[in-house]
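Structure file start_3.tsv (TSV, C-alpha atoms) follows.
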```
chain	number	residue	atom	x	y	z
A	242	MET	CA	-6.95	26.98	19.66
A	243	THR	CA	-7.16	23.74	17.70
A	244	GLN	CA	-4.18	21.47	18.34
A	245	GLN	CA	-2.37	20.35	15.19
A	246	PRO	CA	-2.00	16.61	14.65
A	247	ALA	CA	1.31	15.25	15.91
A	248	ILE	CA	1.73	13.06	12.80
A	249	GLU	CA	2.67	14.30	9.34
A	250	ILE	CA	2.77	12.25	6.15
A	251	THR	CA	3.95	13.29	2.72
A	252	ALA	CA	1.97	12.72	-0.47
A	253	TYR	CA	2.08	13.76	-4.11
A	254	ASP	CA	-0.26	16.39	-5.49
A	255	TRP	CA	-0.08	14.87	-8.97
A	256	VAL	CA	0.37	11.39	-10.43
A	257	PRO	CA	-0.79	9.90	-13.77
A	258	ASP	CA	-4.45	8.89	-13.86
A	259	MET	CA	-3.51	5.19	-13.71
A	260	ALA	CA	-1.81	5.70	-10.33
A	261	ARG	CA	-4.48	7.77	-8.62
A	262	GLY	CA	-5.70	6.07	-5.48
A	263	LYS	CA	-2.74	3.67	-5.59
A	264	VAL	CA	0.19	5.67	-4.22
A	265	LYS	CA	1.64	4.10	-1.09
A	266	ASP	CA	0.70	6.90	1.29
A	267	MET	CA	-2.72	5.20	1.02
A	268	ARG	CA	-1.45	2.41	3.25
A	269	VAL	CA	-0.43	4.83	5.96
A	270	ARG	CA	-3.62	6.90	5.73
A	271	TRP	CA	-5.68	3.70	5.96
A	272	ALA	CA	-3.86	2.45	9.06
A	273	LEU	CA	-4.17	5.80	10.84
A	274	ASN	CA	-7.87	5.93	10.01
A	275	GLU	CA	-8.42	2.41	11.37
A	276	ILE	CA	-7.34	3.55	14.84
A	277	GLY	CA	-8.61	7.13	14.66
A	278	LEU	CA	-5.26	8.91	14.69
A	279	PRO	CA	-5.36	12.31	12.98
A	280	TYR	CA	-2.54	13.41	10.73
A	281	LYS	CA	-1.58	16.36	8.62
A	282	GLU	CA	-0.63	16.04	4.98
A	283	ARG	CA	2.38	17.66	3.33
A	284	LEU	CA	2.30	17.66	-0.46
A	285	VAL	CA	5.67	17.36	-2.17
A	286	GLY	CA	4.85	17.99	-5.82
A	287	GLY	CA	4.23	15.48	-8.53
A	288	ALA	CA	5.48	11.94	-9.02
A	289	GLY	CA	8.57	11.85	-11.19
A	290	GLY	CA	9.49	15.45	-10.48
A	291	GLU	CA	12.77	16.61	-9.02
A	292	LYS	CA	12.96	16.14	-5.26
A	293	SER	CA	14.28	18.72	-2.85
A	294	ALA	CA	17.40	18.14	-0.77
A	295	ASP	CA	15.21	18.04	2.35
A	296	HIS	CA	13.03	15.35	0.79
A	297	LEU	CA	16.05	13.23	-0.09
A	298	ASP	CA	17.45	13.66	3.41
A	299	ASP	CA	14.23	12.14	4.76
A	300	GLN	CA	13.69	9.58	1.98
A	301	PRO	CA	16.90	8.63	0.15
A	302	PHE	CA	14.96	7.15	-2.80
A	303	GLY	CA	12.81	10.25	-3.29
A	304	GLN	CA	9.52	8.43	-2.72
A	305	VAL	CA	6.44	8.88	-0.56
A	306	PRO	CA	5.30	8.50	2.10
A	307	ILE	CA	7.57	10.04	4.66
A	308	TYR	CA	6.21	9.82	8.21
A	309	LYS	CA	7.12	12.37	10.89
A	310	GLU	CA	6.15	12.26	14.53
A	311	GLY	CA	8.13	14.41	16.94
A	312	ASP	CA	11.80	13.60	16.50
A	313	LEU	CA	11.04	10.45	14.51
A	314	THR	CA	11.24	10.40	10.72
A	315	LEU	CA	10.49	7.15	8.91
A	316	PHE	CA	10.40	6.04	5.30
A	317	GLU	CA	9.22	2.78	3.67
A	318	SER	CA	5.54	1.99	4.11
A	319	GLY	CA	6.15	-1.35	5.86
A	320	ALA	CA	8.33	0.24	8.54
A	321	ILE	CA	5.83	3.05	9.01
A	322	LEU	CA	2.93	0.63	9.37
A	323	LEU	CA	4.82	-1.46	11.90
A	324	HIS	CA	5.43	1.68	13.97
A	325	ILE	CA	1.75	2.64	13.78
A	326	GLY	CA	0.71	-0.89	14.66
A	327	GLU	CA	2.66	-0.73	17.90
A	328	LYS	CA	0.30	2.03	19.02
A	329	ASP	CA	-2.93	0.01	18.91
A	330	GLU	CA	-3.74	-3.68	19.14
A	331	ARG	CA	-6.53	-3.27	16.61
A	332	LEU	CA	-3.80	-3.27	13.97
A	333	LEU	CA	-1.17	-5.42	15.64
A	334	PRO	CA	-2.32	-7.90	18.30
A	335	ARG	CA	-0.57	-7.87	21.65
A	336	ASP	CA	-0.65	-11.64	22.00
A	337	PRO	CA	2.87	-12.70	20.93
A	338	VAL	CA	1.72	-15.50	18.64
A	339	ALA	CA	-0.96	-13.42	16.91
A	340	ARG	CA	1.41	-10.47	16.66
A	341	GLY	CA	4.10	-12.61	15.08
A	342	ARG	CA	1.65	-14.02	12.55
A	343	ALA	CA	0.43	-10.54	11.59
A	344	ILE	CA	4.00	-9.36	11.05
A	345	ALA	CA	4.76	-12.46	8.99
A	346	TRP	CA	1.86	-11.62	6.67
A	347	MET	CA	3.12	-8.05	6.38
A	348	PHE	CA	6.47	-9.34	5.17
A	349	ALA	CA	4.73	-11.83	2.88
A	350	ALA	CA	2.81	-9.02	1.20
A	351	LEU	CA	5.94	-6.95	0.68
A	352	ASN	CA	8.44	-9.70	-0.11
A	353	SER	CA	6.57	-12.70	-1.53
A	354	VAL	CA	3.68	-11.18	-3.47
A	355	GLU	CA	4.29	-7.54	-4.36
A	356	PRO	CA	7.69	-7.93	-6.12
A	357	PHE	CA	6.30	-10.27	-8.80
A	358	LEU	CA	3.26	-8.10	-9.48
A	359	GLN	CA	5.31	-4.91	-9.48
A	360	ALA	CA	7.88	-6.40	-11.85
A	361	LEU	CA	5.13	-7.26	-14.33
A	362	PHE	CA	3.86	-3.69	-14.14
A	363	LEU	CA	7.32	-2.30	-14.84
A	364	ILE	CA	7.80	-4.67	-17.77
A	365	ASP	CA	4.52	-3.42	-19.27
A	366	LEU	CA	5.34	0.21	-18.51
A	367	ARG	CA	8.82	0.21	-20.02
A	368	GLY	CA	8.57	-2.60	-22.53
A	369	GLU	CA	5.62	-1.67	-24.72
A	370	GLY	CA	6.75	-2.01	-28.32
A	371	GLN	CA	10.10	-3.49	-27.36
A	372	PRO	CA	11.12	-6.93	-28.67
A	373	TRP	CA	11.85	-8.14	-25.17
A	374	HIS	CA	8.44	-7.19	-23.75
A	375	GLY	CA	6.55	-10.38	-24.59
A	376	PRO	CA	9.29	-12.84	-23.57
A	377	ALA	CA	10.02	-11.00	-20.33
A	378	SER	CA	6.36	-10.82	-19.32
A	379	GLY	CA	5.76	-14.42	-20.33
A	380	ALA	CA	8.72	-15.63	-18.29
A	381	LEU	CA	7.64	-13.82	-15.12
A	382	GLN	CA	3.89	-14.31	-15.31
A	383	PRO	CA	3.84	-17.94	-14.07
A	384	PHE	CA	5.69	-16.91	-10.90
A	385	ALA	CA	3.15	-14.18	-10.16
A	386	GLU	CA	0.23	-16.51	-10.84
A	387	ASN	CA	1.75	-19.17	-8.61
A	388	ARG	CA	2.14	-16.71	-5.75
A	389	LEU	CA	-1.54	-15.79	-5.98
A	390	GLN	CA	-2.54	-19.45	-6.16
A	391	GLN	CA	-0.56	-20.08	-2.98
A	392	LEU	CA	-2.11	-17.05	-1.29
A	393	SER	CA	-5.59	-18.18	-2.31
A	394	ALA	CA	-4.95	-21.60	-0.80
A	395	ALA	CA	-3.67	-20.05	2.43
A	396	LEU	CA	-6.71	-17.75	2.77
A	397	GLY	CA	-9.21	-20.49	1.98
A	398	GLU	CA	-12.72	-19.60	3.10
A	399	ARG	CA	-11.63	-17.35	5.96
A	400	GLU	CA	-12.61	-13.69	6.14
A	401	TRP	CA	-9.05	-12.56	6.94
A	402	LEU	CA	-5.61	-14.17	6.81
A	403	GLU	CA	-5.78	-14.89	10.54
A	404	ASP	CA	-8.72	-14.78	12.92
A	405	ARG	CA	-9.25	-11.02	12.54
A	406	PHE	CA	-8.19	-8.02	10.47
A	407	THR	CA	-4.60	-6.90	11.09
A	408	LEU	CA	-1.86	-4.97	9.34
A	409	GLY	CA	-1.08	-8.17	7.47
A	410	ASP	CA	-4.45	-7.89	5.76
A	411	LEU	CA	-4.14	-4.16	5.19
A	412	LEU	CA	-0.86	-4.58	3.33
A	413	MET	CA	-1.88	-7.69	1.42
A	414	ILE	CA	-5.15	-6.14	0.27
A	415	ASP	CA	-3.37	-2.98	-0.83
A	416	VAL	CA	-0.89	-5.03	-2.85
A	417	LEU	CA	-3.70	-6.99	-4.51
A	418	ARG	CA	-5.97	-4.04	-5.25
A	419	THR	CA	-3.24	-1.92	-6.85
A	420	THR	CA	-1.77	-4.48	-9.24
A	421	SER	CA	-2.23	-3.80	-12.94
A	422	LYS	CA	-2.86	-7.54	-13.35
A	423	GLN	CA	-6.33	-7.61	-11.82
A	424	GLN	CA	-7.22	-10.62	-13.95
A	425	PHE	CA	-4.79	-12.68	-11.86
A	426	VAL	CA	-6.63	-11.66	-8.67
A	427	ARG	CA	-10.08	-12.23	-10.18
A	428	ALA	CA	-9.03	-15.74	-11.16
A	429	HIS	CA	-9.43	-16.60	-7.45
A	430	ALA	CA	-12.92	-15.86	-6.15
A	431	ASN	CA	-11.77	-15.83	-2.53
A	432	LEU	CA	-9.02	-13.26	-3.24
A	433	ALA	CA	-11.43	-11.02	-5.16
A	434	ALA	CA	-13.91	-11.17	-2.26
A	435	TYR	CA	-11.09	-10.55	0.24
A	436	VAL	CA	-10.09	-7.35	-1.56
A	437	GLU	CA	-13.73	-6.28	-1.73
A	438	ARG	CA	-14.13	-6.76	2.05
A	439	GLY	CA	-11.01	-4.76	2.80
A	440	THR	CA	-11.80	-1.87	0.50
A	441	ALA	CA	-15.35	-1.65	1.88
A	442	ARG	CA	-14.00	-0.73	5.31
A	443	PRO	CA	-14.83	2.88	6.26
A	444	ALA	CA	-11.19	3.58	7.13
A	445	PHE	CA	-10.13	2.61	3.61
A	446	ARG	CA	-12.85	4.67	1.96
A	447	SER	CA	-11.90	7.81	3.88
A	448	ALA	CA	-8.20	7.25	3.13
A	449	LEU	CA	-8.97	6.95	-0.57
A	450	ALA	CA	-11.03	10.14	-0.52
A	451	ALA	CA	-8.19	12.01	1.18
A	452	GLN	CA	-5.61	10.91	-1.38
A	453	MET	CA	-7.88	11.70	-4.32
A	454	ALA	CA	-8.67	15.15	-2.92
A	455	ALA	CA	-5.06	16.28	-3.35
A	456	PHE	CA	-5.13	15.32	-7.03
A	457	GLU	CA	-8.52	16.87	-7.67
A	458	GLU	CA	-7.38	20.21	-6.26
A	459	ARG	CA	-4.79	20.38	-9.05
A	460	GLU	CA	-7.34	19.78	-11.81
A	461	PRO	CA	-8.13	22.77	-14.03
A	462	LYS	CA	-11.37	24.43	-13.03
```
As C-alpha coordinates, the full file:
Amino acid sequence: MTQQPAIEITAYDWVPDMARGKVKDMRVRWALNEIGLPYKERLVGGAGGEKSADHLDDQPFGQVPIYKEGDLTLFESGAILLHIGEKDERLLPRDPVARGRAIAWMFAALNSVEPFLQALFLIDLRGEGQPWHGPASGALQPFAENRLQQLSAALGEREWLEDRFTLGDLLMIDVLRTTSKQQFVRAHANLAAYVERGTARPAFRSALAAQMAAFEEREPK
(Lines of atoms letter the chains of each structure in order from A and count residues from 1; the text may use other names and numbers.)
(Lines give C-alpha, C1' and ligand atoms only; values in the text may rest on other atoms or scores of the structure.)
Protein backbone atom coordinates (compact mmCIF):
# COMPACT_ATOMS: atom_id res chain seq x y z
CA MET A 1 0.00 0.00 0.00
CA THR A 2 1.32 3.43 -0.94
CA GLN A 3 1.71 5.71 2.07
CA GLN A 4 -0.08 9.05 1.75
CA PRO A 5 2.03 12.18 2.17
CA ALA A 6 1.94 13.55 5.70
CA ILE A 7 1.63 17.14 4.44
CA GLU A 8 -1.50 18.68 2.94
CA ILE A 9 -1.81 22.11 1.35
CA THR A 10 -4.91 23.85 0.09
CA ALA A 11 -5.17 25.50 -3.32
CA TYR A 12 -7.83 27.00 -5.55
CA ASP A 13 -9.18 25.13 -8.56
CA TRP A 14 -10.04 28.39 -10.33
CA VAL A 15 -8.63 31.92 -10.42
CA PRO A 16 -8.76 34.60 -13.16
CA ASP A 17 -6.26 34.10 -15.97
CA MET A 18 -4.11 36.98 -14.69
CA ALA A 19 -3.56 35.16 -11.37
CA ARG A 20 -2.75 31.71 -12.70
CA GLY A 21 0.68 30.61 -11.57
CA LYS A 22 0.78 33.42 -9.01
CA VAL A 23 -1.37 32.19 -6.11
CA LYS A 24 0.61 31.93 -2.89
CA ASP A 25 0.40 28.15 -2.54
CA MET A 26 3.15 28.34 -5.19
CA ARG A 27 5.59 29.42 -2.51
CA VAL A 28 4.82 26.41 -0.37
CA ARG A 29 4.89 23.96 -3.28
CA TRP A 30 8.25 25.38 -4.37
CA ALA A 31 9.80 25.04 -0.91
CA LEU A 32 8.58 21.46 -0.50
CA ASN A 33 9.93 20.57 -3.94
CA GLU A 34 13.34 22.07 -3.11
CA ILE A 35 13.82 19.53 -0.32
CA GLY A 36 11.91 16.64 -1.87
CA LEU A 37 9.00 16.52 0.57
CA PRO A 38 5.82 15.08 -0.96
CA TYR A 39 2.47 16.65 -0.22
CA LYS A 40 -1.15 16.16 -1.10
CA GLU A 41 -3.30 18.92 -2.51
CA ARG A 42 -6.80 19.81 -1.32
CA LEU A 43 -8.73 22.08 -3.67
CA VAL A 44 -11.11 24.51 -2.00
CA GLY A 45 -13.04 25.98 -4.92
CA GLY A 46 -12.41 29.20 -6.74
CA ALA A 47 -10.86 32.46 -5.61
CA GLY A 48 -13.49 34.93 -4.47
CA GLY A 49 -16.06 32.24 -3.76
CA GLU A 50 -17.76 31.68 -0.44
CA LYS A 51 -15.57 29.81 2.03
CA SER A 52 -16.76 26.97 4.21
CA ALA A 53 -16.85 27.21 8.00
CA ASP A 54 -14.06 24.63 8.16
CA HIS A 55 -11.91 26.73 5.83
CA LEU A 56 -12.44 29.84 7.95
CA ASP A 57 -11.62 27.90 11.10
CA ASP A 58 -8.24 27.04 9.57
CA GLN A 59 -7.66 30.37 7.78
CA PRO A 60 -9.57 33.28 9.33
CA PHE A 61 -9.11 35.44 6.21
CA GLY A 62 -10.42 32.77 3.84
CA GLN A 63 -7.21 32.57 1.81
CA VAL A 64 -4.84 29.86 0.62
CA PRO A 65 -2.61 28.13 1.37
CA ILE A 66 -3.48 26.27 4.51
CA TYR A 67 -0.80 23.80 5.61
CA LYS A 68 -1.62 20.68 7.62
CA GLU A 69 0.84 18.21 9.06
CA GLY A 70 -0.38 15.91 11.81
CA ASP A 71 -1.91 18.04 14.54
CA LEU A 72 -0.39 21.23 13.13
CA THR A 73 -2.44 23.63 11.01
CA LEU A 74 -0.76 26.79 9.73
CA PHE A 75 -1.82 29.73 7.62
CA GLU A 76 0.16 32.64 6.12
CA SER A 77 2.79 31.66 3.57
CA GLY A 78 5.69 33.19 5.52
CA ALA A 79 4.89 31.20 8.66
CA ILE A 80 4.46 28.03 6.62
CA LEU A 81 7.79 28.52 4.86
CA LEU A 82 9.59 29.15 8.13
CA HIS A 83 8.20 25.86 9.47
CA ILE A 84 9.30 24.00 6.34
CA GLY A 85 12.71 25.63 6.48
CA GLU A 86 13.30 24.24 9.95
CA LYS A 87 13.18 20.76 8.42
CA ASP A 88 16.14 21.15 6.05
CA GLU A 89 19.21 23.36 6.01
CA ARG A 90 19.02 23.62 2.24
CA LEU A 91 16.27 26.18 2.79
CA LEU A 92 17.29 27.61 6.15
CA PRO A 93 20.96 27.38 7.15
CA ARG A 94 21.80 25.94 10.54
CA ASP A 95 24.62 28.40 11.15
CA PRO A 96 23.01 31.04 13.42
CA VAL A 97 24.33 34.02 11.48
CA ALA A 98 23.35 32.65 8.06
CA ARG A 99 19.99 31.52 9.42
CA GLY A 100 19.28 34.95 10.85
CA ARG A 101 20.17 36.62 7.57
CA ALA A 102 17.90 34.29 5.60
CA ILE A 103 15.00 35.03 7.94
CA ALA A 104 15.67 38.76 7.69
CA TRP A 105 15.36 38.54 3.90
CA MET A 106 12.11 36.60 4.28
CA PHE A 107 10.68 39.43 6.35
CA ALA A 108 12.08 41.99 3.91
CA ALA A 109 10.24 40.33 1.03
CA LEU A 110 6.96 40.26 2.93
CA ASN A 111 7.18 43.58 4.77
CA SER A 112 9.46 45.93 2.81
CA VAL A 113 8.86 45.00 -0.83
CA GLU A 114 5.57 43.15 -1.33
CA PRO A 115 3.21 45.68 0.34
CA PHE A 116 4.13 48.49 -2.08
CA LEU A 117 3.82 46.29 -5.16
CA GLN A 118 0.59 44.73 -3.94
CA ALA A 119 -0.92 48.13 -3.16
CA LEU A 120 -0.23 49.28 -6.71
CA PHE A 121 -1.95 46.17 -8.04
CA LEU A 122 -5.02 46.81 -5.90
CA ILE A 123 -5.15 50.45 -7.00
CA ASP A 124 -5.13 49.32 -10.64
CA LEU A 125 -7.65 46.54 -9.98
CA ARG A 126 -10.19 48.68 -8.15
CA GLY A 127 -9.44 52.12 -9.51
CA GLU A 128 -9.73 51.75 -13.27
CA GLY A 129 -11.95 54.56 -14.51
CA GLN A 130 -12.12 56.21 -11.10
CA PRO A 131 -10.95 59.82 -10.66
CA TRP A 132 -8.66 58.82 -7.83
CA HIS A 133 -6.85 56.09 -9.78
CA GLY A 134 -4.14 58.22 -11.38
CA PRO A 135 -3.30 60.32 -8.30
CA ALA A 136 -3.25 57.30 -6.00
CA SER A 137 -1.00 55.27 -8.30
CA GLY A 138 1.26 58.25 -8.94
CA ALA A 139 1.66 58.92 -5.23
CA LEU A 140 2.61 55.33 -4.40
CA GLN A 141 4.74 54.48 -7.41
CA PRO A 142 7.91 56.30 -6.25
CA PHE A 143 7.91 54.30 -3.01
CA ALA A 144 7.71 51.01 -4.90
CA GLU A 145 10.43 52.06 -7.33
CA ASN A 146 12.65 53.15 -4.46
CA ARG A 147 12.25 49.80 -2.73
CA LEU A 148 13.36 47.99 -5.89
CA GLN A 149 16.29 50.36 -6.33
CA GLN A 150 17.38 49.58 -2.77
CA LEU A 151 16.95 45.85 -3.36
CA SER A 152 18.96 46.06 -6.57
CA ALA A 153 21.78 47.81 -4.74
CA ALA A 154 21.74 45.19 -1.97
CA LEU A 155 21.87 42.29 -4.45
CA GLY A 156 24.61 43.84 -6.56
CA GLU A 157 26.36 41.30 -8.76
CA ARG A 158 25.74 38.34 -6.46
CA GLU A 159 23.81 35.28 -7.58
CA TRP A 160 21.66 35.23 -4.43
CA LEU A 161 20.95 37.66 -1.59
CA GLU A 162 23.48 35.86 0.61
CA ASP A 163 26.13 33.31 -0.29
CA ARG A 164 23.61 30.67 -1.41
CA PHE A 165 19.93 30.15 -2.18
CA THR A 166 17.67 30.23 0.88
CA LEU A 167 14.04 30.87 1.75
CA GLY A 168 14.88 34.56 1.64
CA ASP A 169 15.51 34.22 -2.09
CA LEU A 170 12.48 32.00 -2.65
CA LEU A 171 10.14 34.58 -1.13
CA MET A 172 11.81 37.60 -2.70
CA ILE A 173 11.79 36.05 -6.16
CA ASP A 174 8.15 35.07 -5.82
CA VAL A 175 7.26 38.63 -4.82
CA LEU A 176 9.16 40.05 -7.79
CA ARG A 177 7.89 37.59 -10.39
CA THR A 178 4.22 38.00 -9.46
CA THR A 179 3.99 41.79 -9.43
CA SER A 180 1.83 43.39 -12.11
CA LYS A 181 4.51 46.09 -12.39
CA GLN A 182 7.11 44.00 -14.20
CA GLN A 183 8.53 47.13 -15.81
CA PHE A 184 9.80 48.18 -12.38
CA VAL A 185 11.69 44.89 -12.03
CA ARG A 186 13.04 45.00 -15.59
CA ALA A 187 14.41 48.46 -14.91
CA HIS A 188 17.14 46.70 -12.89
CA ALA A 189 19.07 44.16 -14.95
CA ASN A 190 20.35 42.35 -11.86
CA LEU A 191 16.82 41.90 -10.45
CA ALA A 192 15.50 40.62 -13.78
CA ALA A 193 18.37 38.11 -13.97
CA TYR A 194 17.82 37.14 -10.32
CA VAL A 195 14.17 36.29 -11.01
CA GLU A 196 15.19 34.35 -14.11
CA ARG A 197 17.68 32.27 -12.10
CA GLY A 198 15.12 31.48 -9.43
CA THR A 199 12.34 30.53 -11.80
CA ALA A 200 14.70 28.29 -13.79
CA ARG A 201 15.17 26.03 -10.78
CA PRO A 202 13.59 22.58 -11.30
CA ALA A 203 11.73 22.83 -8.00
CA PHE A 204 10.03 26.02 -9.16
CA ARG A 205 9.12 24.60 -12.55
CA SER A 206 7.48 21.52 -11.03
CA ALA A 207 5.60 23.68 -8.50
CA LEU A 208 4.27 25.86 -11.30
CA ALA A 209 3.15 22.82 -13.29
CA ALA A 210 1.31 21.45 -10.26
CA GLN A 211 -0.57 24.69 -9.62
CA MET A 212 -1.49 25.12 -13.28
CA ALA A 213 -2.74 21.52 -13.49
CA ALA A 214 -5.57 22.24 -11.04
CA PHE A 215 -6.78 25.13 -13.19
CA GLU A 216 -6.47 23.21 -16.44
CA GLU A 217 -8.61 20.38 -15.11
CA ARG A 218 -11.49 22.85 -14.77
CA GLU A 219 -11.22 24.06 -18.37
CA PRO A 220 -14.04 22.99 -20.70
CA LYS A 221 -13.02 20.06 -22.86
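Take the candidates A:Ile248, A:Val269, A:Ala320, A:Ala339 and check each one against Arg405 (chain A) using all atoms listed in the file; the shortest distance goes to A:Ala339.
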Ile325 (chain A) environment, 8 Å, all atoms listed in the file, sequence neighbours closer than 3 positions dropped, as a list in words:
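Counting only the stated atoms, we get Ala272, Leu273, Ile321, Leu322, Lys328 and Asp329 of chain A.
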Write out as a ChimeraX atom specification the residues lying within 7 Å of region 373-389 of chain A, counting all atoms listed in the file and excluding same-chain residues fewer than 5 positions away.
/A:354,357-358,361,364,368,425
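Distances from A:Asp266, A:Glu275, A:Asp258, A:Glu317 to Phe406 (chain A) were compared using all atoms listed in the file, and the smallest one belongs to A:Glu275.
Using only C-alpha atoms for every distance, the candidate list A:Glu437, A:Leu278, A:Leu315, A:Asn431 yields A:Leu315 as the residue closest to Pro301 (chain A).
The interatomic distance for the pair CA of Ser318 (chain A) and CA of Lys265 (chain A) works out to 6.8 Å.
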Quick one: residues within 10 Å of Phe316 (chain A), all atoms listed in the file counted, chain neighbours fewer than 2 positions away excluded, as a PyMOL selection string?
chain A and resi 250+299-309+314+318-321
Could you jot down the CA of Leu417 (chain A) to CA of His324 (chain A) separation for me, Å, one decimal place?
22.4 Å
How many Å separate CA of Trp271 (chain A) from CA of Leu402 (chain A)?
17.9 Å
Take the point (-1.2, 6.4, -10.2) as written in the file and pick out every residue within 12 Å of it, counting all atoms listed in the file; give the list as a VMD selection string.
chain A and resid 253 to 267 287 to 289 362 419 to 421 452 to 453 456
Which one is closest to Ala444 (chain A): A:Ala395, A:Lys281, A:Val338, A:Arg268? Count all atoms listed in the file.
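Closest to Ala444 (chain A), using all atoms listed in the file: A:Arg268.
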A:Met413, A:Ala441, A:Lys292, A:Gln390: which is nearest Ala428 (chain A), counting only C-alpha atoms?
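Comparing A:Met413, A:Ala441, A:Lys292, A:Gln390 against Ala428 (chain A), the winner is A:Gln390.
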Region 347-395 of chain A dumped to file, N, CA and C atoms, as a short mmCIF file (atom, residue, chain, number, x, y, z; two decimals), in the first residue's frame:
```
data_model
loop_
_atom_site.label_atom_id
_atom_site.label_comp_id
_atom_site.auth_asym_id
_atom_site.auth_seq_id
_atom_site.Cartn_x
_atom_site.Cartn_y
_atom_site.Cartn_z
N MET A 347 13.51 37.02 4.37
CA MET A 347 12.11 36.60 4.28
C MET A 347 11.19 37.73 4.71
N PHE A 348 11.49 38.34 5.85
CA PHE A 348 10.68 39.43 6.35
C PHE A 348 10.76 40.65 5.43
N ALA A 349 11.93 40.88 4.84
CA ALA A 349 12.08 41.99 3.91
C ALA A 349 11.17 41.81 2.70
N ALA A 350 11.12 40.59 2.17
CA ALA A 350 10.24 40.33 1.03
C ALA A 350 8.79 40.61 1.37
N LEU A 351 8.37 40.15 2.55
CA LEU A 351 6.96 40.26 2.93
C LEU A 351 6.58 41.63 3.45
N ASN A 352 7.52 42.33 4.09
CA ASN A 352 7.18 43.58 4.77
C ASN A 352 7.70 44.83 4.09
N SER A 353 8.84 44.73 3.39
CA SER A 353 9.46 45.93 2.81
C SER A 353 9.25 46.06 1.31
N VAL A 354 8.99 44.95 0.63
CA VAL A 354 8.86 45.00 -0.83
C VAL A 354 7.42 44.70 -1.27
N GLU A 355 6.89 43.58 -0.84
CA GLU A 355 5.57 43.15 -1.33
C GLU A 355 4.44 44.16 -1.07
N PRO A 356 4.35 44.79 0.10
CA PRO A 356 3.21 45.68 0.34
C PRO A 356 3.08 46.81 -0.68
N PHE A 357 4.19 47.40 -1.10
CA PHE A 357 4.13 48.49 -2.08
C PHE A 357 3.66 47.99 -3.45
N LEU A 358 4.20 46.84 -3.87
CA LEU A 358 3.82 46.29 -5.16
C LEU A 358 2.38 45.81 -5.15
N GLN A 359 1.96 45.22 -4.04
CA GLN A 359 0.59 44.73 -3.94
C GLN A 359 -0.41 45.89 -3.90
N ALA A 360 -0.04 46.96 -3.22
CA ALA A 360 -0.92 48.13 -3.16
C ALA A 360 -1.13 48.72 -4.54
N LEU A 361 -0.08 48.78 -5.35
CA LEU A 361 -0.23 49.28 -6.71
C LEU A 361 -1.16 48.40 -7.53
N PHE A 362 -1.05 47.10 -7.34
CA PHE A 362 -1.95 46.17 -8.04
C PHE A 362 -3.40 46.42 -7.65
N LEU A 363 -3.65 46.60 -6.37
CA LEU A 363 -5.02 46.81 -5.90
C LEU A 363 -5.57 48.14 -6.40
N ILE A 364 -4.72 49.16 -6.45
CA ILE A 364 -5.15 50.45 -7.00
C ILE A 364 -5.57 50.29 -8.46
N ASP A 365 -4.78 49.54 -9.24
CA ASP A 365 -5.13 49.32 -10.64
C ASP A 365 -6.39 48.47 -10.77
N LEU A 366 -6.52 47.46 -9.90
CA LEU A 366 -7.65 46.54 -9.98
C LEU A 366 -8.97 47.24 -9.67
N ARG A 367 -8.96 48.05 -8.62
CA ARG A 367 -10.19 48.68 -8.15
C ARG A 367 -10.40 50.09 -8.68
N GLY A 368 -9.35 50.71 -9.19
CA GLY A 368 -9.44 52.12 -9.51
C GLY A 368 -9.62 52.46 -10.97
N GLU A 369 -9.63 51.45 -11.84
CA GLU A 369 -9.73 51.75 -13.27
C GLU A 369 -11.00 52.56 -13.54
N GLY A 370 -10.82 53.70 -14.18
CA GLY A 370 -11.95 54.56 -14.51
C GLY A 370 -12.38 55.49 -13.39
N GLN A 371 -11.76 55.36 -12.24
CA GLN A 371 -12.12 56.21 -11.10
C GLN A 371 -11.22 57.46 -11.09
N PRO A 372 -11.76 58.59 -10.65
CA PRO A 372 -10.95 59.82 -10.66
C PRO A 372 -9.73 59.77 -9.75
N TRP A 373 -9.78 58.90 -8.77
CA TRP A 373 -8.66 58.82 -7.83
C TRP A 373 -7.55 57.88 -8.29
N HIS A 374 -7.80 57.12 -9.37
CA HIS A 374 -6.85 56.09 -9.78
C HIS A 374 -5.47 56.65 -10.09
N GLY A 375 -5.43 57.65 -10.99
CA GLY A 375 -4.14 58.22 -11.38
C GLY A 375 -3.38 58.85 -10.23
N PRO A 376 -4.02 59.71 -9.43
CA PRO A 376 -3.30 60.32 -8.30
C PRO A 376 -2.82 59.29 -7.28
N ALA A 377 -3.65 58.30 -7.00
CA ALA A 377 -3.25 57.30 -6.00
C ALA A 377 -2.06 56.49 -6.49
N SER A 378 -2.11 56.05 -7.75
CA SER A 378 -1.00 55.27 -8.30
C SER A 378 0.26 56.12 -8.38
N GLY A 379 0.10 57.37 -8.82
CA GLY A 379 1.26 58.25 -8.94
C GLY A 379 1.91 58.55 -7.61
N ALA A 380 1.10 58.63 -6.55
CA ALA A 380 1.66 58.92 -5.23
C ALA A 380 2.43 57.74 -4.67
N LEU A 381 1.98 56.52 -4.97
CA LEU A 381 2.61 55.33 -4.40
C LEU A 381 3.78 54.83 -5.23
N GLN A 382 3.73 55.05 -6.52
CA GLN A 382 4.74 54.48 -7.41
C GLN A 382 6.18 54.80 -7.01
N PRO A 383 6.51 56.03 -6.62
CA PRO A 383 7.91 56.30 -6.25
C PRO A 383 8.40 55.47 -5.07
N PHE A 384 7.51 55.12 -4.15
CA PHE A 384 7.91 54.30 -3.01
C PHE A 384 8.26 52.89 -3.47
N ALA A 385 7.43 52.34 -4.38
CA ALA A 385 7.71 51.01 -4.90
C ALA A 385 9.01 51.00 -5.69
N GLU A 386 9.20 51.99 -6.53
CA GLU A 386 10.43 52.06 -7.33
C GLU A 386 11.66 52.22 -6.44
N ASN A 387 11.53 52.98 -5.38
CA ASN A 387 12.65 53.15 -4.46
C ASN A 387 13.00 51.85 -3.77
N ARG A 388 11.98 51.09 -3.37
CA ARG A 388 12.25 49.80 -2.73
C ARG A 388 13.03 48.88 -3.67
N LEU A 389 12.66 48.86 -4.95
CA LEU A 389 13.36 47.99 -5.89
C LEU A 389 14.76 48.51 -6.18
N GLN A 390 14.94 49.80 -6.18
CA GLN A 390 16.29 50.36 -6.33
C GLN A 390 17.17 49.94 -5.16
N GLN A 391 16.62 49.99 -3.96
CA GLN A 391 17.38 49.58 -2.77
C GLN A 391 17.70 48.09 -2.82
N LEU A 392 16.72 47.29 -3.25
CA LEU A 392 16.95 45.85 -3.36
C LEU A 392 18.02 45.56 -4.40
N SER A 393 17.96 46.24 -5.52
CA SER A 393 18.96 46.06 -6.57
C SER A 393 20.36 46.37 -6.06
N ALA A 394 20.47 47.44 -5.30
CA ALA A 394 21.78 47.81 -4.74
C ALA A 394 22.27 46.76 -3.75
N ALA A 395 21.36 46.21 -2.96
CA ALA A 395 21.74 45.19 -1.97
C ALA A 395 22.18 43.90 -2.66
#
```
